[in-house]
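Shown next: model_13.json, given as JSON, C-alpha atoms and all ligand atoms.
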```
[["chain", "number", "residue", "atom", "x", "y", "z"],
["A", 1, "MET", "CA", -5.75, -8.40, -9.62],
["A", 2, "SER", "CA", -3.27, -5.52, -9.06],
["A", 3, "VAL", "CA", 0.29, -5.50, -10.45],
["A", 4, "LEU", "CA", 1.56, -6.06, -6.91],
["A", 5, "ASP", "CA", -0.66, -9.13, -6.43],
["A", 6, "ASP", "CA", 0.51, -10.52, -9.75],
["A", 7, "ILE", "CA", 4.19, -10.01, -8.85],
["A", 8, "ILE", "CA", 3.65, -11.67, -5.47],
["A", 9, "ASP", "CA", 2.04, -14.74, -7.08],
["A", 10, "GLY", "CA", 5.21, -15.23, -9.14],
["A", 11, "VAL", "CA", 7.44, -14.58, -6.12],
["A", 12, "ARG", "CA", 5.61, -17.30, -4.16],
["A", 13, "ALA", "CA", 6.03, -19.81, -6.99],
["A", 14, "ASP", "CA", 9.77, -19.08, -7.33],
["A", 15, "LEU", "CA", 10.17, -19.22, -3.57],
["A", 16, "SER", "CA", 8.60, -22.70, -3.37],
["A", 17, "ALA", "CA", 11.09, -23.95, -5.95],
["A", 18, "ARG", "CA", 14.08, -22.51, -4.03],
["A", 19, "ARG", "CA", 12.76, -23.89, -0.78],
["A", 20, "ARG", "CA", 12.66, -27.38, -2.23],
["A", 21, "GLU", "CA", 16.38, -26.98, -3.08],
["A", 22, "VAL", "CA", 17.44, -25.41, 0.23],
["A", 23, "GLY", "CA", 15.22, -26.29, 3.17],
["A", 24, "ASP", "CA", 14.29, -24.02, 6.08],
["A", 25, "ALA", "CA", 16.83, -25.53, 8.50],
["A", 26, "ASP", "CA", 19.67, -25.13, 5.98],
["A", 27, "ILE", "CA", 18.85, -21.54, 5.13],
["A", 28, "GLU", "CA", 18.64, -20.68, 8.84],
["A", 29, "ARG", "CA", 22.03, -22.29, 9.41],
["A", 30, "SER", "CA", 23.54, -20.27, 6.55],
["A", 31, "ALA", "CA", 21.98, -17.06, 7.85],
["A", 32, "ALA", "CA", 23.41, -17.68, 11.32],
["A", 33, "ALA", "CA", 26.86, -18.38, 9.86],
["A", 34, "ALA", "CA", 26.97, -15.28, 7.62],
["A", 35, "VAL", "CA", 29.34, -12.39, 8.29],
["A", 36, "PRO", "CA", 27.45, -9.95, 10.60],
["A", 37, "ALA", "CA", 25.27, -7.36, 8.89],
["A", 38, "ARG", "CA", 26.56, -3.84, 8.33],
["A", 39, "ASP", "CA", 24.76, -0.97, 10.08],
["A", 40, "ALA", "CA", 22.47, 0.39, 7.37],
["A", 41, "PHE", "CA", 20.69, 2.74, 9.79],
["A", 42, "ALA", "CA", 23.92, 4.62, 10.46],
["A", 43, "ALA", "CA", 24.98, 4.45, 6.80],
["A", 44, "LEU", "CA", 21.71, 6.13, 5.81],
["A", 45, "GLY", "CA", 22.24, 8.99, 8.25],
["A", 46, "GLY", "CA", 20.22, 7.63, 11.18],
["A", 47, "GLY", "CA", 20.90, 9.72, 14.28],
["A", 48, "VAL", "CA", 22.76, 12.45, 12.34],
["A", 49, "VAL", "CA", 21.41, 15.97, 12.90],
["A", 50, "GLY", "CA", 22.30, 19.59, 12.12],
["A", 51, "ALA", "CA", 25.36, 20.52, 10.12],
["A", 52, "ASP", "CA", 26.57, 16.92, 9.89],
["A", 53, "ARG", "CA", 23.49, 15.88, 7.93],
["A", 54, "ARG", "CA", 24.01, 15.07, 4.25],
["A", 55, "LEU", "CA", 21.83, 13.36, 1.70],
["A", 56, "ARG", "CA", 22.54, 9.65, 1.19],
["A", 57, "LEU", "CA", 21.87, 7.75, -1.99],
["A", 58, "ILE", "CA", 20.68, 4.17, -2.25],
["A", 59, "THR", "CA", 21.58, 3.19, -5.79],
["A", 60, "GLU", "CA", 19.82, 0.28, -7.42],
["A", 61, "VAL", "CA", 20.90, -2.57, -9.66],
["A", 62, "LYS", "CA", 17.75, -2.79, -11.82],
["A", 63, "ARG", "CA", 17.73, -4.55, -15.19],
["A", 64, "ALA", "CA", 14.03, -4.33, -15.97],
["A", 65, "SER", "CA", 10.74, -3.34, -14.40],
["A", 66, "PRO", "CA", 7.03, -3.99, -14.83],
["A", 67, "SER", "CA", 6.48, -0.34, -15.72],
["A", 68, "LYS", "CA", 9.29, 0.09, -18.28],
["A", 69, "GLY", "CA", 10.34, -3.40, -19.44],
["A", 70, "ASP", "CA", 14.05, -3.77, -20.14],
["A", 71, "LEU", "CA", 16.16, -0.91, -18.77],
["A", 72, "ALA", "CA", 19.80, -2.00, -19.00],
["A", 73, "ALA", "CA", 21.53, -5.33, -19.64],
["A", 74, "ILE", "CA", 23.86, -5.09, -16.58],
["A", 75, "ASP", "CA", 26.12, -8.01, -17.47],
["A", 76, "ASP", "CA", 28.36, -7.21, -14.52],
["A", 77, "PRO", "CA", 26.30, -6.13, -11.49],
["A", 78, "ALA", "CA", 29.41, -6.20, -9.29],
["A", 79, "ALA", "CA", 31.19, -3.63, -11.48],
["A", 80, "LEU", "CA", 28.12, -1.38, -11.53],
["A", 81, "ALA", "CA", 27.76, -1.56, -7.75],
["A", 82, "ALA", "CA", 31.48, -0.85, -7.30],
["A", 83, "ALA", "CA", 31.12, 2.23, -9.51],
["A", 84, "TYR", "CA", 28.17, 3.38, -7.40],
["A", 85, "GLU", "CA", 30.25, 2.98, -4.25],
["A", 86, "THR", "CA", 33.12, 4.93, -5.82],
["A", 87, "GLY", "CA", 30.65, 7.73, -6.58],
["A", 88, "GLY", "CA", 29.65, 7.91, -2.92],
["A", 89, "ALA", "CA", 26.53, 5.73, -2.67],
["A", 90, "ALA", "CA", 25.58, 4.97, 0.94],
["A", 91, "ALA", "CA", 23.99, 1.61, 0.11],
["A", 92, "ILE", "CA", 23.24, -0.58, -2.88],
["A", 93, "SER", "CA", 19.79, -1.96, -3.62],
["A", 94, "VAL", "CA", 19.72, -5.25, -5.52],
["A", 95, "LEU", "CA", 16.46, -6.39, -7.04],
["A", 96, "THR", "CA", 16.35, -10.17, -6.71],
["A", 97, "GLU", "CA", 12.89, -10.78, -8.20],
["A", 98, "GLN", "CA", 13.34, -12.81, -11.39],
["A", 99, "ARG", "CA", 10.23, -12.62, -13.52],
["A", 100, "ARG", "CA", 9.58, -8.89, -13.84],
["A", 101, "PHE", "CA", 12.90, -7.33, -12.78],
["A", 102, "ARG", "CA", 15.29, -10.03, -14.10],
["A", 103, "GLY", "CA", 17.22, -10.05, -10.82],
["A", 104, "SER", "CA", 18.58, -12.98, -8.84],
["A", 105, "LEU", "CA", 20.29, -14.05, -5.66],
["A", 106, "ALA", "CA", 23.43, -14.42, -7.79],
["A", 107, "ASP", "CA", 23.29, -10.65, -8.35],
["A", 108, "LEU", "CA", 23.05, -10.16, -4.59],
["A", 109, "ASP", "CA", 26.07, -12.43, -4.03],
["A", 110, "ALA", "CA", 28.10, -10.61, -6.69],
["A", 111, "VAL", "CA", 27.28, -7.16, -5.33],
["A", 112, "ARG", "CA", 27.90, -8.23, -1.72],
["A", 113, "ALA", "CA", 31.37, -9.42, -2.69],
["A", 114, "ALA", "CA", 32.17, -6.21, -4.58],
["A", 115, "VAL", "CA", 31.26, -3.43, -2.11],
["A", 116, "SER", "CA", 31.82, -2.61, 1.54],
["A", 117, "ILE", "CA", 28.67, -0.48, 2.03],
["A", 118, "PRO", "CA", 25.34, -1.98, 3.14],
["A", 119, "VAL", "CA", 23.35, -3.96, 0.60],
["A", 120, "LEU", "CA", 19.56, -4.05, 0.41],
["A", 121, "ARG", "CA", 17.89, -7.20, -0.85],
["A", 122, "LYS", "CA", 15.00, -5.62, -2.74],
["A", 123, "ASP", "CA", 12.31, -8.21, -3.18],
["A", 124, "PHE", "CA", 8.69, -8.78, -2.33],
["A", 125, "THR", "CA", 8.99, -10.31, 1.12],
["A", 126, "VAL", "CA", 6.04, -12.52, 1.97],
["A", 127, "GLU", "CA", 7.65, -15.39, 3.93],
["A", 128, "PRO", "CA", 10.20, -15.41, 6.79],
["A", 129, "TYR", "CA", 12.30, -17.74, 4.61],
["A", 130, "GLN", "CA", 13.14, -14.78, 2.36],
["A", 131, "ILE", "CA", 14.51, -12.83, 5.33],
["A", 132, "GLN", "CA", 16.72, -15.75, 6.35],
["A", 133, "GLU", "CA", 17.74, -16.14, 2.71],
["A", 134, "ALA", "CA", 18.66, -12.45, 2.45],
["A", 135, "ARG", "CA", 20.93, -12.76, 5.48],
["A", 136, "ALA", "CA", 22.42, -16.01, 4.20],
["A", 137, "HIS", "CA", 23.37, -14.14, 1.00],
["A", 138, "GLY", "CA", 24.97, -11.26, 2.91],
["A", 139, "ALA", "CA", 22.20, -8.66, 2.81],
["A", 140, "ASP", "CA", 22.22, -5.97, 5.51],
["A", 141, "LEU", "CA", 18.76, -4.64, 4.77],
["A", 142, "VAL", "CA", 15.51, -6.17, 3.51],
["A", 143, "LEU", "CA", 12.46, -4.57, 1.97],
["A", 144, "LEU", "CA", 9.12, -4.91, 3.74],
["A", 145, "ILE", "CA", 6.24, -3.46, 1.71],
["A", 146, "VAL", "CA", 3.37, -2.47, 4.01],
["A", 147, "ALA", "CA", 0.78, -2.95, 1.24],
["A", 148, "ALA", "CA", 1.84, -6.59, 0.88],
["A", 149, "LEU", "CA", 1.65, -7.55, 4.58],
["A", 150, "ASP", "CA", -0.97, -7.51, 7.32],
["A", 151, "GLN", "CA", 0.08, -5.69, 10.50],
["A", 152, "ARG", "CA", 0.81, -8.80, 12.59],
["A", 153, "THR", "CA", 3.06, -10.16, 9.82],
["A", 154, "LEU", "CA", 4.79, -6.80, 9.37],
["A", 155, "VAL", "CA", 5.61, -6.67, 13.10],
["A", 156, "ASP", "CA", 6.85, -10.28, 13.09],
["A", 157, "PHE", "CA", 8.98, -9.78, 9.96],
["A", 158, "LEU", "CA", 10.52, -6.61, 11.42],
["A", 159, "ALA", "CA", 11.34, -8.50, 14.63],
["A", 160, "LEU", "CA", 12.97, -11.36, 12.69],
["A", 161, "THR", "CA", 14.96, -8.88, 10.58],
["A", 162, "HIS", "CA", 16.29, -7.19, 13.72],
["A", 163, "GLU", "CA", 16.99, -10.56, 15.40],
["A", 164, "LEU", "CA", 19.21, -11.43, 12.44],
["A", 165, "GLY", "CA", 21.07, -8.14, 12.95],
["A", 166, "MET", "CA", 19.68, -6.50, 9.80],
["A", 167, "ASN", "CA", 17.56, -3.42, 9.21],
["A", 168, "ALA", "CA", 14.39, -3.21, 7.15],
["A", 169, "LEU", "CA", 13.38, -0.57, 4.67],
["A", 170, "VAL", "CA", 9.66, -0.46, 5.48],
["A", 171, "GLU", "CA", 7.88, 0.91, 2.44],
["A", 172, "ALA", "CA", 4.65, 2.93, 2.40],
["A", 173, "HIS", "CA", 2.78, 4.80, -0.30],
["A", 174, "THR", "CA", -0.13, 6.34, 1.66],
["A", 175, "GLY", "CA", -0.56, 8.06, 5.03],
["A", 176, "ALA", "CA", -2.35, 5.00, 6.42],
["A", 177, "GLU", "CA", 0.51, 2.71, 5.35],
["A", 178, "LEU", "CA", 3.06, 5.12, 6.83],
["A", 179, "GLU", "CA", 1.21, 5.05, 10.17],
["A", 180, "ARG", "CA", 1.32, 1.24, 10.07],
["A", 181, "ALA", "CA", 5.07, 1.32, 9.35],
["A", 182, "LEU", "CA", 5.72, 3.64, 12.29],
["A", 183, "ASP", "CA", 3.38, 1.69, 14.62],
["A", 184, "ALA", "CA", 5.29, -1.47, 13.73],
["A", 185, "GLY", "CA", 8.50, 0.20, 14.94],
["A", 186, "ALA", "CA", 10.24, 0.83, 11.61],
["A", 187, "ARG", "CA", 13.54, 2.68, 11.97],
["A", 188, "ILE", "CA", 13.97, 3.20, 8.22],
["A", 189, "VAL", "CA", 10.86, 4.18, 6.28],
["A", 190, "GLY", "CA", 10.62, 4.44, 2.51],
["A", 191, "VAL", "CA", 7.94, 6.47, 0.84],
["A", 192, "ASN", "CA", 7.58, 4.91, -2.58],
["A", 193, "THR", "CA", 6.15, 7.54, -4.89],
["A", 194, "ARG", "CA", 5.27, 4.73, -7.28],
["A", 195, "ASN", "CA", 1.87, 3.20, -6.59],
["A", 196, "LEU", "CA", 2.64, -0.52, -6.82],
["A", 197, "LYS", "CA", -0.97, -1.33, -7.66],
["A", 198, "THR", "CA", -1.21, 0.97, -10.69],
["A", 199, "LEU", "CA", 2.50, 1.78, -11.37],
["A", 200, "ASP", "CA", 1.74, 5.53, -11.51],
["A", 201, "VAL", "CA", 4.60, 7.64, -10.15],
["A", 202, "ASP", "CA", 3.85, 10.94, -8.38],
["A", 203, "PRO", "CA", 6.89, 12.52, -6.67],
["A", 204, "GLY", "CA", 4.44, 14.90, -4.96],
["A", 205, "VAL", "CA", 3.40, 12.02, -2.69],
["A", 206, "PHE", "CA", 6.67, 12.32, -0.74],
["A", 207, "ALA", "CA", 6.51, 15.78, 0.90],
["A", 208, "PRO", "CA", 3.26, 15.43, 2.89],
["A", 209, "LEU", "CA", 4.21, 11.98, 4.13],
["A", 210, "ALA", "CA", 7.77, 13.06, 5.01],
["A", 211, "GLY", "CA", 6.22, 15.62, 7.36],
["A", 212, "MET", "CA", 4.78, 12.71, 9.39],
["A", 213, "ILE", "CA", 8.13, 10.88, 9.79],
["A", 214, "PRO", "CA", 9.84, 11.53, 13.15],
["A", 215, "GLY", "CA", 13.39, 12.90, 13.16],
["A", 216, "ASP", "CA", 14.84, 9.73, 14.67],
["A", 217, "VAL", "CA", 13.51, 7.59, 11.80],
["A", 218, "VAL", "CA", 15.41, 7.53, 8.49],
["A", 219, "ALA", "CA", 13.17, 8.84, 5.69],
["A", 220, "VAL", "CA", 13.89, 7.46, 2.22],
["A", 221, "ALA", "CA", 12.28, 8.88, -0.92],
["A", 222, "GLU", "CA", 11.86, 6.16, -3.55],
["A", 223, "SER", "CA", 11.24, 6.18, -7.30],
["A", 224, "GLY", "CA", 10.74, 8.78, -9.99],
["A", 225, "VAL", "CA", 14.18, 10.41, -10.02],
["A", 226, "VAL", "CA", 15.10, 11.47, -13.55],
["A", 227, "ASP", "CA", 17.82, 14.02, -12.83],
["A", 228, "ALA", "CA", 19.67, 15.83, -10.04],
["A", 229, "ASP", "CA", 16.85, 18.36, -9.62],
["A", 230, "ASP", "CA", 14.53, 15.55, -8.55],
["A", 231, "VAL", "CA", 17.02, 14.47, -5.90],
["A", 232, "ALA", "CA", 17.24, 18.08, -4.69],
["A", 233, "ALA", "CA", 13.43, 18.28, -4.48],
["A", 234, "TYR", "CA", 13.21, 15.14, -2.31],
["A", 235, "ALA", "CA", 16.02, 16.48, -0.10],
["A", 236, "ALA", "CA", 14.24, 19.82, 0.28],
["A", 237, "ALA", "CA", 11.09, 17.94, 1.31],
["A", 238, "GLY", "CA", 13.02, 16.26, 4.15],
["A", 239, "ALA", "CA", 14.52, 13.06, 2.74],
["A", 240, "ASP", "CA", 17.52, 11.61, 4.56],
["A", 241, "ALA", "CA", 18.12, 9.32, 1.61],
["A", 242, "VAL", "CA", 16.89, 8.86, -1.95],
["A", 243, "LEU", "CA", 16.62, 5.51, -3.72],
["A", 244, "VAL", "CA", 17.41, 5.75, -7.43],
["A", 245, "GLY", "CA", 17.04, 2.95, -9.96],
["A", 246, "GLU", "CA", 16.29, 3.67, -13.59],
["A", 247, "ALA", "CA", 18.11, 7.02, -13.94],
["A", 248, "LEU", "CA", 21.37, 5.50, -12.72],
["A", 249, "VAL", "CA", 21.25, 2.24, -14.64],
["A", 250, "ARG", "CA", 20.62, 4.27, -17.78],
["A", 251, "SER", "CA", 23.69, 6.38, -16.93],
["A", 252, "SER", "CA", 25.72, 3.16, -17.13],
["A", 253, "LEU", "CA", 24.86, 2.61, -20.81],
["A", 254, "GLY", "CA", 26.86, 3.55, -23.87],
["A", 255, "ALA", "CA", 30.32, 4.84, -24.64],
["A", 256, "GLY", "CA", 31.75, 7.18, -22.00],
["A", 257, "ALA", "CA", 29.14, 6.14, -19.45],
["A", 258, "ASP", "CA", 30.16, 7.14, -15.94],
["A", 259, "PRO", "CA", 27.76, 5.89, -13.26],
["A", 260, "ALA", "CA", 30.15, 6.97, -10.47],
["A", 261, "ASP", "CA", 29.99, 10.55, -11.69],
["A", 262, "ALA", "CA", 26.20, 10.39, -11.94],
["A", 263, "VAL", "CA", 26.03, 9.28, -8.30],
["A", 264, "ARG", "CA", 28.39, 12.11, -7.31],
["A", 265, "ARG", "CA", 26.20, 14.71, -9.05],
["A", 266, "PHE", "CA", 22.97, 13.38, -7.55],
["A", 267, "ALA", "CA", 24.41, 13.25, -4.02],
["A", 268, "ALA", "CA", 25.83, 16.78, -4.28],
["A", 269, "ALA", "CA", 22.52, 18.20, -5.55],
["A", 270, "GLY", "CA", 20.68, 16.62, -2.64],
["A", 271, "THR", "CA", 23.06, 17.62, 0.09],
["A", 272, "GLY", "CA", 22.93, 21.30, -0.86],
["A", 273, "ALA", "CA", 19.14, 21.28, -0.75],
["A", 274, "GLN", "CA", 18.43, 19.19, 2.35],
["A", 275, "THR", "CA", 16.07, 20.39, 5.11],
["A", 276, "GLU", "CA", 15.38, 18.82, 8.53],
["A", 277, "ARG", "CA", 11.99, 17.32, 9.30],
["A", 278, "THR", "CA", 10.11, 18.62, 12.30],
["A", 279, "ALA", "CA", 7.76, 15.74, 13.19],
["A", 280, "PRO", "CA", 8.17, 14.76, 16.89],
["A", 281, "GLU", "CA", 10.57, 11.93, 17.67],
["A", 282, "ASN", "CA", 9.23, 8.40, 18.29],
["A", 283, "THR", "CA", 8.52, 7.64, 21.94],
["B", 301, "LIG", "O1", 9.78, -0.14, -11.02],
["B", 301, "LIG", "C1", 8.66, -0.65, -11.22],
["B", 301, "LIG", "O2", 8.05, -0.60, -12.30],
["B", 301, "LIG", "C2", 7.98, -1.39, -10.10],
["B", 301, "LIG", "C3", 6.74, -1.98, -10.34],
["B", 301, "LIG", "C4", 6.10, -2.69, -9.35],
["B", 301, "LIG", "C5", 6.68, -2.85, -8.11],
["B", 301, "LIG", "C6", 7.91, -2.26, -7.84],
["B", 301, "LIG", "C7", 8.56, -1.53, -8.82],
["B", 301, "LIG", "N1", 9.77, -0.98, -8.62],
["B", 301, "LIG", "C8", 10.50, -1.12, -7.40],
["B", 301, "LIG", "C9", 10.95, 0.18, -6.91],
["B", 301, "LIG", "O3", 10.42, 0.60, -5.90],
["B", 301, "LIG", "C10", 11.96, 0.92, -7.70],
["B", 301, "LIG", "O4", 12.82, 0.01, -8.31],
["B", 301, "LIG", "C11", 12.82, 1.91, -6.93],
["B", 301, "LIG", "O5", 12.11, 2.71, -6.08],
["B", 301, "LIG", "C12", 13.59, 2.78, -7.94],
["B", 301, "LIG", "O6", 12.67, 3.43, -8.80],
["B", 301, "LIG", "P1", 13.15, 4.23, -10.07],
["B", 301, "LIG", "O7", 14.25, 5.16, -9.65],
["B", 301, "LIG", "O8", 11.95, 4.99, -10.53],
["B", 301, "LIG", "O9", 13.63, 3.23, -11.06]]
```

Serialized structure, structure tokens:
Amino acid sequence: MSVLDDIIDGVRADLSARRREVGDADIERSAAAAVPARDAFAALGGGVVGADRRLRLITEVKRASPSKGDLAAIDDPAALAAAYETGGAAAISVLTEQRRFRGSLADLDAVRAAVSIPVLRKDFTVEPYQIQEARAHGADLVLLIVAALDQRTLVDFLALTHELGMNALVEAHTGAELERALDAGARIVGVNTRNLKTLDVDPGVFAPLAGMIPGDVVAVAESGVVDADDVAAYAAAGADAVLVGEALVRSSLGAGADPADAVRRFAAAGTGAQTERTAPENT
């Protein structure tokens, strides 16, 4: 069994428990009643070309991970997210998986209430209930991992996400997965340079796949950023946005920690280095 399969088993068990507490009809009612979703496509630079283009950062609230164990205590996710926004983040990613990442829907609620930029519910989406739940808790964006979904389900989940007024970050790791993401109609595509089956990270995975992403689709480079040079490298390879977790939560630790400044430095390094992609637009 791969790491991804193992995570998904736990996600399904936790989901069943939540679903017994809040039934499908109730979660759908809450989703319908939520404040409308913010436009994450625009916030991540969708449709922006030429001189107006600048690198966007998606900054992540990440306490722990399967690959690294505990990363940062993050007692106050709202304060961390607010600092990220102050530093110029375009969106906040909130891991809500409990067992391996120590996240929760309470984190999502706290972050939603603290920032005005779009919020990504970063979880392992395997049931439509989770998409309704994300909306009910104020998310603007959900994660759909191609490797975890068959094509029919991916298309259906993307349609439901759009029906609820949200966007999806559709995540691929290989050329075949990227083709599936684009065929499904993804408007925001993430290339995760971490292989979720082995946990190996190879930032070199991004550039060749970025070359396949049309200019009218937002290209997000995910994982493996250690410092500003890594952000610059993703930008130079054609990223519209870079998703950063560990490096930024670590910058929030210790005396004199300044996560807002870390975000500022990363965003500046990327914007100076950014190049446009040349793949033909989607038809
Ligand atoms: O981070 C992990 O170890 C991990 C393991 C298995 C599935 C997903 C995992 N992480 C989710 C992410 O994609 C990252 O949190 C995100 O891209 C940020 O990565 P990083 O900047 O390297 O923390």

Exercise. For Asp140 (chain A), work out the shell of residues within 12 Å, counting only C-alpha atoms and skipping chain neighbours fewer than 4 positions away, then give it as a PyMOL selection string.
Key: chain A and resi 31+34-43+91-94+108+112+116-122+131-136+161-162+164-169

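One finds CA of Tyr129 (chain A) at 25.1 Å from atom O6 of ligand LIG 301 (chain B).
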
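Between CA of Val217 (chain A) and CA of Ala51 (chain A) the separation is 17.6 Å.
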
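Nearest to Ala207 (chain A) of all the residues A:Glu28, A:Arg277, A:Val170, A:Arg250 is A:Arg277, based on all atoms listed in the file.
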
Practice problem: Find the residues around Thr275 (chain A) up to 8 Å (only C-alpha atoms counted), leave out those fewer than 5 positions away in its own chain, and share them as a list in words. | Solution: Ala235, Ala236, Ala237, Gly238 and Ala239 of chain A

Self-check item: Selected residue of minimal separation from Ala269 (chain A) among A:Arg19, A:Arg54, A:Arg152, A:Arg180, counting all atoms listed in the file
Solution: A:Arg54

Quiz item: How would you write, as a PyMOL selection string, the set of residues no farther than 7 Å from ligand LIG 301 (chain B) when counting only C-alpha atoms and all ligand atoms?
Solution: chain A and resi 3-4+60+62+65-68+192+194+196+199+222-225+243-247

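In this structure, CA of Glu97 (chain A) sits 10.6 Å away from CA of Arg12 (chain A).
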
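Of the residues listed (A:Leu71, A:Asp24, A:Asp216, A:Leu15), A:Asp216 shows the shortest atom-to-atom separation from Ile188 (chain A); distances use all atoms listed in the file.
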
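Among the candidates A:Ala148, A:Ala228, A:Val191, A:Val218, the one nearest to Glu276 (chain A) when counting all atoms listed in the file is A:Val218.
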
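Among the candidates A:Ala78, A:Ala268, A:Leu55, A:Leu143, the one nearest to Ala113 (chain A) when counting only C-alpha atoms is A:Ala78.
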
For Ser251 (chain A), list every protein, DNA or RNA residue within 10 Å, evaluated using only C-alpha atoms, and leave out those in the same chain fewer than 5 positions away; present the list as a PDB file with C-alpha atoms, keeping the file's coordinate frame.
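Output file result-v6.pdb is given in full below:
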```pdb
ATOM      1  CA  ALA A  72      19.800  -2.000 -19.000  1.00  0.00           C
ATOM      2  CA  GLU A 246      16.290   3.670 -13.590  1.00  0.00           C
ATOM      3  CA  GLY A 256      31.750   7.180 -22.000  1.00  0.00           C
ATOM      4  CA  ALA A 257      29.140   6.140 -19.450  1.00  0.00           C
ATOM      5  CA  ASP A 258      30.160   7.140 -15.940  1.00  0.00           C
ATOM      6  CA  PRO A 259      27.760   5.890 -13.260  1.00  0.00           C
ATOM      7  CA  ALA A 260      30.150   6.970 -10.470  1.00  0.00           C
ATOM      8  CA  ASP A 261      29.990  10.550 -11.690  1.00  0.00           C
ATOM      9  CA  ALA A 262      26.200  10.390 -11.940  1.00  0.00           C
ATOM     10  CA  VAL A 263      26.030   9.280  -8.300  1.00  0.00           C
TER      11      VAL A 263
END
```

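Considering the residues A:Leu57, A:Ile27, A:Val48, A:Leu141 and counting all atoms listed in the file, Val220 (chain A) has its shortest atom-to-atom contact with A:Leu57.
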